[in-house]
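Participant: Please read through the structure below; I'll follow up with questions.
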Amino acid sequence: MPATGSAPSGTDAPPPGGVHRSRRRLRAALRGGGRLVGTFLKLPGPDVVALAAQAGLDFVVVDLEHSALDERTAADQLRLAAALGLPALVRVPAVDPGQVNRLLEAGAVGIQLSTVRSRAEVGALRAASRYAPHGRRSISLAHPAAGYGLGGLDRYLAAEAADPPLLVAQIETATTDDPLPDLLAGVDVGFVGTTDLAVSLGLAGTDDPTPLLRRTGDVAEAARGAGAALGGWVADRTAEALARHGLTDAGYLVVGSDLQLLGAGLRRLAG
C-alpha cells in the first residue's frame, strides 16, 4: 500500500485534474491583459455545454442565481465542461460553504458571487474556497477535481495552493458597505453587473449613461489597485456596447446567456 499522500507505486500520477491547468491559463490571460469571453448558462442539459465548447468560448458561467438550474444539474454540466476542456465557473447569490465546496469538487474553476456589498462577503467566499490554513474548506479526494485521489493528498493540496479557485466579485449596487478597494482585495475579477447596477442607479428607462460609466470607472480603478481584472456583462460584444457600459478594457467579459442567444436566433429565423 502506498503511504498516505503519495502517488501509487510504479505510476507517474498526473496532477489531480485539468481544472488546475484551466485556472492557471485563465489567470495568466487576465494578468497579461488579455480578454476572456464567455456567457451565462441558464439552460439544463449537456448540449449547451458542448455547443459552448465547440464555439471556442474561453469560459462559461453556470448560473445558479437567475435560472431554474439546481445544484445536481450544475454539477453534471461542470463535469462535462471539465471533460471537454471548457473552464466553467458558477455564479451563486450567496456564500453557502457546503455548496461552494461541492461545486468546486465537481470541477468548477471558480465562483462568481453576486451582489457583493461587504468585505465580509468576500472573506466568506475566500474561506469557503480555500483549504486550511488559508480557509475553511472541507477536504476530500473523492471527486473529479482531485483525480479521485490518484495523486494523493499532498499532491492535490499542492495543486490547490498553486492554482486555487478563481474568485469573481460582482458589484451591482450604487453603493457598498465597504470601500471598493477593500471589497476587491484578494479576488481575481471585479465584475460589473451592469443591469442591476443601472437599476440601482435609477437609470431604467433613461438614456444617460454617465452615472453607470462613472460607477464602472470606480470599479475599474479599484480592481487595478487590487491587482484584479475588470469584468462585466453586456448583451452583445460590439464596440458600441462595450463603450456604453465602460467595459472597453474589460478582461473578463460575459456576453448574454445561452437563453438570450437562443431567443435572438429564433427571432431572426421568424423575422
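Ordering of the C-alpha cells sets the chain letters (A, B, ...); residue numbers start at 1 within each chain; ligands are numbered from 1 in the order shown.
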Just asking: which residues within stretch 30-94 of chain A are alpha helix (DSSP H) according to DSSP, as JSON, numbers by chain?

Facilitator: {"A": [30, 31, 47, 48, 49, 50, 51, 52, 53, 54, 55, 71, 72, 73, 74, 75, 76, 77, 78, 79, 80, 81, 82, 83, 84]}

Participant: Could you take the residues named above and write them with N, CA, C and O atoms, as a compact mmCIF listing (two decimals), in the first residue's frame?

Facilitator:
# COMPACT_ATOMS: atom_id res chain seq x y z
N LEU A 30 -5.69 36.86 -17.72
CA LEU A 30 -6.18 38.05 -17.04
C LEU A 30 -5.02 38.96 -16.62
O LEU A 30 -5.08 40.18 -16.78
N ARG A 31 -3.98 38.36 -16.08
CA ARG A 31 -2.84 39.16 -15.61
C ARG A 31 -2.02 39.71 -16.77
O ARG A 31 -1.34 40.73 -16.62
N ASP A 47 -26.14 19.73 -23.93
CA ASP A 47 -25.94 20.31 -25.25
C ASP A 47 -25.39 21.73 -25.19
O ASP A 47 -24.54 22.12 -25.99
N VAL A 48 -25.89 22.54 -24.23
CA VAL A 48 -25.41 23.92 -24.16
C VAL A 48 -23.93 23.95 -23.81
O VAL A 48 -23.18 24.81 -24.29
N VAL A 49 -23.48 23.01 -22.97
CA VAL A 49 -22.07 22.94 -22.62
C VAL A 49 -21.24 22.54 -23.84
O VAL A 49 -20.21 23.14 -24.15
N ALA A 50 -21.71 21.53 -24.56
CA ALA A 50 -20.99 21.06 -25.74
C ALA A 50 -20.93 22.14 -26.82
O ALA A 50 -19.89 22.34 -27.46
N LEU A 51 -22.02 22.87 -27.00
CA LEU A 51 -22.03 23.94 -28.01
C LEU A 51 -21.09 25.07 -27.62
O LEU A 51 -20.41 25.65 -28.48
N ALA A 52 -21.05 25.41 -26.33
CA ALA A 52 -20.14 26.47 -25.89
C ALA A 52 -18.69 26.07 -26.11
O ALA A 52 -17.86 26.88 -26.54
N ALA A 53 -18.37 24.81 -25.83
CA ALA A 53 -17.01 24.32 -26.07
C ALA A 53 -16.69 24.32 -27.55
O ALA A 53 -15.61 24.73 -27.98
N GLN A 54 -17.65 23.86 -28.36
CA GLN A 54 -17.46 23.81 -29.80
C GLN A 54 -17.25 25.20 -30.39
O GLN A 54 -16.47 25.39 -31.33
N ALA A 55 -17.94 26.19 -29.82
CA ALA A 55 -17.82 27.56 -30.33
C ALA A 55 -16.48 28.20 -29.99
O ALA A 55 -16.11 29.22 -30.58
N GLU A 71 -28.54 22.34 -8.18
CA GLU A 71 -27.13 22.03 -7.97
C GLU A 71 -26.71 20.75 -8.69
O GLU A 71 -25.59 20.66 -9.21
N ARG A 72 -27.58 19.75 -8.72
CA ARG A 72 -27.25 18.49 -9.39
C ARG A 72 -27.01 18.72 -10.88
O ARG A 72 -26.05 18.20 -11.46
N THR A 73 -27.89 19.50 -11.51
CA THR A 73 -27.72 19.80 -12.93
C THR A 73 -26.44 20.58 -13.15
O THR A 73 -25.69 20.32 -14.10
N ALA A 74 -26.18 21.54 -12.27
CA ALA A 74 -24.95 22.32 -12.39
C ALA A 74 -23.72 21.43 -12.28
O ALA A 74 -22.75 21.57 -13.04
N ALA A 75 -23.74 20.49 -11.35
CA ALA A 75 -22.60 19.59 -11.17
C ALA A 75 -22.38 18.74 -12.42
O ALA A 75 -21.24 18.53 -12.85
N ASP A 76 -23.46 18.26 -13.02
CA ASP A 76 -23.34 17.48 -14.25
C ASP A 76 -22.74 18.33 -15.38
O ASP A 76 -21.90 17.85 -16.15
N GLN A 77 -23.16 19.57 -15.48
CA GLN A 77 -22.62 20.45 -16.51
C GLN A 77 -21.15 20.75 -16.26
O GLN A 77 -20.34 20.82 -17.20
N LEU A 78 -20.78 20.91 -14.99
CA LEU A 78 -19.38 21.17 -14.66
C LEU A 78 -18.50 19.99 -15.03
O LEU A 78 -17.39 20.16 -15.56
N ARG A 79 -18.99 18.79 -14.78
CA ARG A 79 -18.20 17.60 -15.10
C ARG A 79 -18.01 17.47 -16.61
O ARG A 79 -16.91 17.12 -17.08
N LEU A 80 -19.06 17.76 -17.37
CA LEU A 80 -18.93 17.70 -18.83
C LEU A 80 -17.99 18.78 -19.32
O LEU A 80 -17.15 18.53 -20.19
N ALA A 81 -18.13 19.99 -18.80
CA ALA A 81 -17.25 21.08 -19.22
C ALA A 81 -15.79 20.72 -18.97
O ALA A 81 -14.92 20.95 -19.83
N ALA A 82 -15.51 20.13 -17.81
CA ALA A 82 -14.14 19.73 -17.50
C ALA A 82 -13.65 18.68 -18.48
O ALA A 82 -12.50 18.72 -18.94
N ALA A 83 -14.51 17.74 -18.82
CA ALA A 83 -14.13 16.68 -19.76
C ALA A 83 -13.84 17.25 -21.15
O ALA A 83 -12.99 16.73 -21.88
N LEU A 84 -14.53 18.33 -21.51
CA LEU A 84 -14.35 18.96 -22.82
C LEU A 84 -13.25 20.01 -22.81
O LEU A 84 -12.96 20.61 -23.85

Participant: Residues near A:Ala159, anyone? I mean within 12 Å using only C-alpha atoms, not counting same-chain ones fewer than 6 positions away, as a ChimeraX atom specification.

Facilitator: /A:14-24,130-131,145-147,151-153,165

Participant: Residues as selected, all heavy atoms, written as a short mmCIF file (atom, residue, chain, number, x, y, z; two decimals), in the first residue's frame, can you do that?

Facilitator:
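Just written: result17.cif:
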data_model
loop_
_atom_site.label_atom_id
_atom_site.label_comp_id
_atom_site.auth_asym_id
_atom_site.auth_seq_id
_atom_site.Cartn_x
_atom_site.Cartn_y
_atom_site.Cartn_z
N PRO A 14 -0.66 11.89 -12.80
CA PRO A 14 -0.78 13.24 -13.31
C PRO A 14 -1.25 14.17 -12.21
O PRO A 14 -1.64 13.74 -11.13
CB PRO A 14 -1.85 13.10 -14.40
CG PRO A 14 -2.70 11.97 -13.90
CD PRO A 14 -1.75 11.02 -13.23
N PRO A 15 -1.18 15.48 -12.45
CA PRO A 15 -1.77 16.41 -11.48
C PRO A 15 -3.22 16.02 -11.24
O PRO A 15 -3.86 15.37 -12.09
CB PRO A 15 -1.66 17.76 -12.19
CG PRO A 15 -0.53 17.59 -13.15
CD PRO A 15 -0.60 16.16 -13.60
N PRO A 16 -3.79 16.40 -10.09
CA PRO A 16 -5.13 15.95 -9.72
C PRO A 16 -6.19 16.19 -10.79
O PRO A 16 -7.12 15.43 -10.89
CB PRO A 16 -5.42 16.75 -8.46
CG PRO A 16 -4.07 16.98 -7.86
CD PRO A 16 -3.15 17.17 -9.03
N GLY A 17 -6.07 17.22 -11.59
CA GLY A 17 -7.09 17.41 -12.61
C GLY A 17 -6.79 18.59 -13.51
O GLY A 17 -6.01 19.48 -13.17
N GLY A 18 -7.41 18.58 -14.71
CA GLY A 18 -7.24 19.67 -15.64
C GLY A 18 -7.79 20.98 -15.14
O GLY A 18 -7.50 22.04 -15.71
N VAL A 19 -8.61 20.93 -14.07
CA VAL A 19 -9.16 22.15 -13.52
C VAL A 19 -8.06 23.10 -13.09
O VAL A 19 -8.17 24.32 -13.24
CB VAL A 19 -10.11 21.83 -12.34
CG1 VAL A 19 -9.38 21.19 -11.18
CG2 VAL A 19 -10.83 23.08 -11.86
N HIS A 20 -6.95 22.57 -12.59
CA HIS A 20 -5.85 23.42 -12.15
C HIS A 20 -5.14 24.07 -13.34
O HIS A 20 -4.75 25.24 -13.29
CB HIS A 20 -4.87 22.62 -11.30
CG HIS A 20 -5.51 22.07 -10.06
ND1 HIS A 20 -5.95 20.76 -9.98
CD2 HIS A 20 -5.82 22.65 -8.87
CE1 HIS A 20 -6.48 20.56 -8.78
NE2 HIS A 20 -6.43 21.68 -8.10
N ARG A 21 -5.00 23.32 -14.41
CA ARG A 21 -4.41 23.90 -15.63
C ARG A 21 -5.31 24.99 -16.18
O ARG A 21 -4.83 26.03 -16.65
CB ARG A 21 -4.19 22.81 -16.68
CG ARG A 21 -3.09 21.82 -16.31
CD ARG A 21 -2.75 20.92 -17.48
NE ARG A 21 -3.87 20.07 -17.85
CZ ARG A 21 -4.11 18.89 -17.30
NH1 ARG A 21 -3.33 18.43 -16.34
NH2 ARG A 21 -5.13 18.15 -17.71
N SER A 22 -6.62 24.78 -16.13
CA SER A 22 -7.56 25.80 -16.61
C SER A 22 -7.46 27.07 -15.78
O SER A 22 -7.46 28.19 -16.30
CB SER A 22 -8.99 25.26 -16.59
OG SER A 22 -9.17 24.25 -17.55
N ARG A 23 -7.39 26.92 -14.46
CA ARG A 23 -7.26 28.09 -13.60
C ARG A 23 -5.99 28.86 -13.92
O ARG A 23 -5.99 30.10 -13.99
CB ARG A 23 -7.25 27.66 -12.13
CG ARG A 23 -8.57 27.10 -11.64
CD ARG A 23 -8.39 26.52 -10.24
NE ARG A 23 -9.61 25.87 -9.76
CZ ARG A 23 -9.67 25.11 -8.67
NH1 ARG A 23 -8.56 24.91 -7.95
NH2 ARG A 23 -10.80 24.57 -8.30
N ARG A 24 -4.90 28.12 -14.09
CA ARG A 24 -3.62 28.76 -14.39
C ARG A 24 -3.69 29.52 -15.71
O ARG A 24 -3.19 30.65 -15.82
CB ARG A 24 -2.52 27.70 -14.45
CG ARG A 24 -1.10 28.25 -14.52
CD ARG A 24 -0.08 27.12 -14.53
NE ARG A 24 -0.39 26.14 -13.51
CZ ARG A 24 -0.47 24.84 -13.74
NH1 ARG A 24 -0.32 24.37 -14.97
NH2 ARG A 24 -0.75 24.00 -12.75
N ARG A 130 -10.94 27.92 -0.02
CA ARG A 130 -9.55 27.59 0.30
C ARG A 130 -9.48 26.58 1.44
O ARG A 130 -10.25 26.65 2.39
CB ARG A 130 -8.79 28.83 0.73
CG ARG A 130 -8.04 29.62 -0.34
CD ARG A 130 -8.83 30.01 -1.52
NE ARG A 130 -8.10 30.97 -2.38
CZ ARG A 130 -8.56 31.39 -3.54
NH1 ARG A 130 -9.73 30.96 -3.99
NH2 ARG A 130 -7.87 32.26 -4.25
N TYR A 131 -8.52 25.66 1.32
CA TYR A 131 -8.27 24.73 2.41
C TYR A 131 -7.41 25.39 3.49
O TYR A 131 -6.71 26.37 3.24
CB TYR A 131 -7.57 23.48 1.87
CG TYR A 131 -8.40 22.67 0.90
CD1 TYR A 131 -8.01 22.52 -0.42
CD2 TYR A 131 -9.59 22.06 1.31
CE1 TYR A 131 -8.77 21.77 -1.31
CE2 TYR A 131 -10.36 21.31 0.43
CZ TYR A 131 -9.94 21.18 -0.89
OH TYR A 131 -10.71 20.44 -1.76
N ALA A 145 -12.13 16.77 -9.38
CA ALA A 145 -11.08 17.78 -9.32
C ALA A 145 -9.83 17.27 -8.61
O ALA A 145 -8.74 17.80 -8.84
CB ALA A 145 -11.60 19.04 -8.64
N ALA A 146 -9.98 16.25 -7.77
CA ALA A 146 -8.84 15.66 -7.07
C ALA A 146 -8.36 14.40 -7.77
O ALA A 146 -7.53 13.66 -7.22
CB ALA A 146 -9.20 15.34 -5.63
N GLY A 147 -8.88 14.12 -8.96
CA GLY A 147 -8.49 12.91 -9.66
C GLY A 147 -8.89 11.66 -8.90
O GLY A 147 -8.27 10.61 -9.04
N GLY A 151 -3.49 11.03 -7.28
CA GLY A 151 -2.19 11.63 -6.99
C GLY A 151 -1.87 11.73 -5.52
O GLY A 151 -0.76 12.12 -5.15
N GLY A 152 -2.84 11.44 -4.66
CA GLY A 152 -2.61 11.53 -3.23
C GLY A 152 -2.95 12.90 -2.66
O GLY A 152 -3.10 13.89 -3.38
N LEU A 153 -3.08 12.95 -1.35
CA LEU A 153 -3.49 14.17 -0.67
C LEU A 153 -2.49 15.29 -0.82
O LEU A 153 -2.85 16.44 -1.13
CB LEU A 153 -3.71 13.86 0.82
CG LEU A 153 -4.08 15.05 1.71
CD1 LEU A 153 -5.39 15.68 1.26
CD2 LEU A 153 -4.16 14.61 3.18
N PRO A 165 -9.13 28.21 -6.68
CA PRO A 165 -10.28 28.64 -7.47
C PRO A 165 -10.26 30.15 -7.74
O PRO A 165 -9.87 30.95 -6.88
CB PRO A 165 -11.48 28.27 -6.59
CG PRO A 165 -10.98 27.14 -5.74
CD PRO A 165 -9.54 27.46 -5.47
#

Participant: Any idea what's packed within 8 Å of A:Ser200, counting only C-alpha atoms, ignoring anything in its chain fewer than 5 positions away? Could you give it as a short mmCIF file (atom, residue, chain, number, x, y, z; two decimals) with N, CA and C atoms, in the first residue's frame?

Facilitator:
data_model
loop_
_atom_site.label_atom_id
_atom_site.label_comp_id
_atom_site.auth_asym_id
_atom_site.auth_seq_id
_atom_site.Cartn_x
_atom_site.Cartn_y
_atom_site.Cartn_z
N GLU A 172 -22.84 45.45 -8.19
CA GLU A 172 -24.02 45.85 -8.96
C GLU A 172 -24.97 46.75 -8.18
N THR A 173 -24.41 47.48 -7.23
CA THR A 173 -25.21 48.44 -6.48
C THR A 173 -24.54 49.81 -6.52
N ALA A 174 -25.36 50.85 -6.34
CA ALA A 174 -24.84 52.21 -6.41
C ALA A 174 -23.86 52.50 -5.29
#

Participant: Give the answer as one residue: which of A:Gly135, A:Gly227, A:Pro93, A:Gly256 has the shortest atom-to-atom distance to A:Thr39, using only C-alpha atoms?

Facilitator: A:Gly256

Participant: Which one of A:Ala198, A:Ala68, A:Ala270, A:Leu253 sits closest to A:Ala229 if you count only C-alpha atoms?

Facilitator: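 Nearest to A:Ala229: A:Leu253.
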
Participant: Neighbouring residues of A:Ser257 were defined as those with any atom within 9 Å, considering only C-alpha atoms; residues of the same chain fewer than 6 positions away were excluded. Please report them as a list in words.

Facilitator: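 Contacts, with the query itself left out: Gly38, Thr39, Phe40, Leu41, Lys42 and Ala235 of chain A.
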
Participant: Residues near A:Ala226, anyone? I mean within 12 Å using only C-alpha atoms, not counting same-chain ones fewer than 6 positions away, as a PyMOL selection string.

Facilitator: chain A and resi 31+179-190+219-220

Participant: Restricting it to N, CA, C and O atoms, dump the selection as a JSON list (two decimals), in the first residue's frame.

Facilitator:
[["chain", "number", "residue", "atom", "x", "y", "z"],
["A", 31, "ARG", "N", -3.98, 38.36, -16.08],
["A", 31, "ARG", "CA", -2.84, 39.16, -15.61],
["A", 31, "ARG", "C", -2.02, 39.71, -16.77],
["A", 31, "ARG", "O", -1.34, 40.73, -16.62],
["A", 179, "PRO", "N", -15.53, 50.21, 1.23],
["A", 179, "PRO", "CA", -14.96, 50.80, 0.01],
["A", 179, "PRO", "C", -14.61, 49.73, -1.03],
["A", 179, "PRO", "O", -14.21, 48.62, -0.68],
["A", 180, "LEU", "N", -14.75, 50.08, -2.29],
["A", 180, "LEU", "CA", -14.47, 49.13, -3.36],
["A", 180, "LEU", "C", -13.07, 48.53, -3.29],
["A", 180, "LEU", "O", -12.91, 47.32, -3.51],
["A", 181, "PRO", "N", -12.01, 49.32, -3.01],
["A", 181, "PRO", "CA", -10.68, 48.69, -2.93],
["A", 181, "PRO", "C", -10.61, 47.59, -1.89],
["A", 181, "PRO", "O", -9.92, 46.58, -2.08],
["A", 182, "ASP", "N", -11.34, 47.73, -0.78],
["A", 182, "ASP", "CA", -11.35, 46.69, 0.24],
["A", 182, "ASP", "C", -12.11, 45.46, -0.24],
["A", 182, "ASP", "O", -11.72, 44.32, 0.05],
["A", 183, "LEU", "N", -13.20, 45.68, -0.98],
["A", 183, "LEU", "CA", -14.00, 44.57, -1.47],
["A", 183, "LEU", "C", -13.23, 43.71, -2.46],
["A", 183, "LEU", "O", -13.38, 42.48, -2.49],
["A", 184, "LEU", "N", -12.42, 44.34, -3.29],
["A", 184, "LEU", "CA", -11.77, 43.62, -4.38],
["A", 184, "LEU", "C", -10.40, 43.09, -4.03],
["A", 184, "LEU", "O", -9.76, 42.44, -4.85],
["A", 185, "ALA", "N", -9.94, 43.36, -2.82],
["A", 185, "ALA", "CA", -8.65, 42.81, -2.40],
["A", 185, "ALA", "C", -8.75, 41.29, -2.29],
["A", 185, "ALA", "O", -9.61, 40.77, -1.60],
["A", 186, "GLY", "N", -7.89, 40.60, -3.02],
["A", 186, "GLY", "CA", -7.85, 39.14, -2.92],
["A", 186, "GLY", "C", -8.74, 38.41, -3.91],
["A", 186, "GLY", "O", -8.80, 37.18, -3.87],
["A", 187, "VAL", "N", -9.45, 39.13, -4.79],
["A", 187, "VAL", "CA", -10.25, 38.46, -5.82],
["A", 187, "VAL", "C", -9.53, 38.56, -7.15],
["A", 187, "VAL", "O", -8.60, 39.35, -7.33],
["A", 188, "ASP", "N", -9.96, 37.76, -8.10],
["A", 188, "ASP", "CA", -9.34, 37.77, -9.43],
["A", 188, "ASP", "C", -10.01, 38.75, -10.37],
["A", 188, "ASP", "O", -9.35, 39.29, -11.26],
["A", 189, "VAL", "N", -11.31, 38.97, -10.16],
["A", 189, "VAL", "CA", -12.07, 39.84, -11.07],
["A", 189, "VAL", "C", -13.05, 40.69, -10.28],
["A", 189, "VAL", "O", -13.78, 40.17, -9.42],
["A", 190, "GLY", "N", -13.05, 41.99, -10.56],
["A", 190, "GLY", "CA", -14.11, 42.87, -10.10],
["A", 190, "GLY", "C", -15.10, 43.02, -11.24],
["A", 190, "GLY", "O", -14.79, 43.61, -12.27],
["A", 219, "VAL", "N", -15.14, 50.96, -10.22],
["A", 219, "VAL", "CA", -14.82, 49.53, -10.07],
["A", 219, "VAL", "C", -13.51, 49.21, -10.79],
["A", 219, "VAL", "O", -12.66, 48.48, -10.26],
["A", 220, "ALA", "N", -13.33, 49.77, -11.98],
["A", 220, "ALA", "CA", -12.10, 49.52, -12.75],
["A", 220, "ALA", "C", -10.88, 50.01, -11.99],
["A", 220, "ALA", "O", -9.85, 49.32, -11.92]]

Participant: From the list A:Phe59, A:Leu197, A:Arg119, A:Leu259, which residue is nearest A:Leu36 when using only C-alpha atoms?

Facilitator: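 Residue with the minimum atom-to-atom distance to A:Leu36: A:Phe59.
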
Participant: Please provide as a list in words all residues within 10 Å of A:Val90, with the sequence filter that same-chain residues fewer than 4 positions apart are discarded (counting only C-alpha atoms).

Facilitator: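 My list of contacting residues is Phe40, Leu41, Val60, Val61, Val62, Asp63, Leu64, Glu65, Ala74, Ala75, Leu78, Val100, Leu103, Leu104, Ala108, Val109, Gly110, Ile111, Gln112, Leu113 and Val168 of chain A.
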
Participant: Between A:Ala250, A:Ala106, A:Val95, A:Leu141, which residue has the minimum interatomic distance to A:Ser129, considering only C-alpha atoms?

Facilitator: A:Val95

Participant: So which one's closest to A:Ala161, A:Gly251, A:Gly217, A:Pro46, A:Pro133? Using only C-alpha atoms, please.

Facilitator: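 Among the listed residues, A:Pro133 lies closest to A:Ala161.
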
Participant: Please give the complete set of residues from stretch 184-241 of chain A that DSSP, run on the backbone, assigns to strand (DSSP E), formatted as a ChimeraX atom specification.

Facilitator: /A:189-192,229-234

Participant: Can you work out which one of A:Ala142, A:Asp218, A:Gly265, A:Ala132 has the shortest atom-to-atom distance to A:Thr175, counting only C-alpha atoms?

Facilitator: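 Using only C-alpha atoms, A:Thr175 sits closest to A:Asp218.
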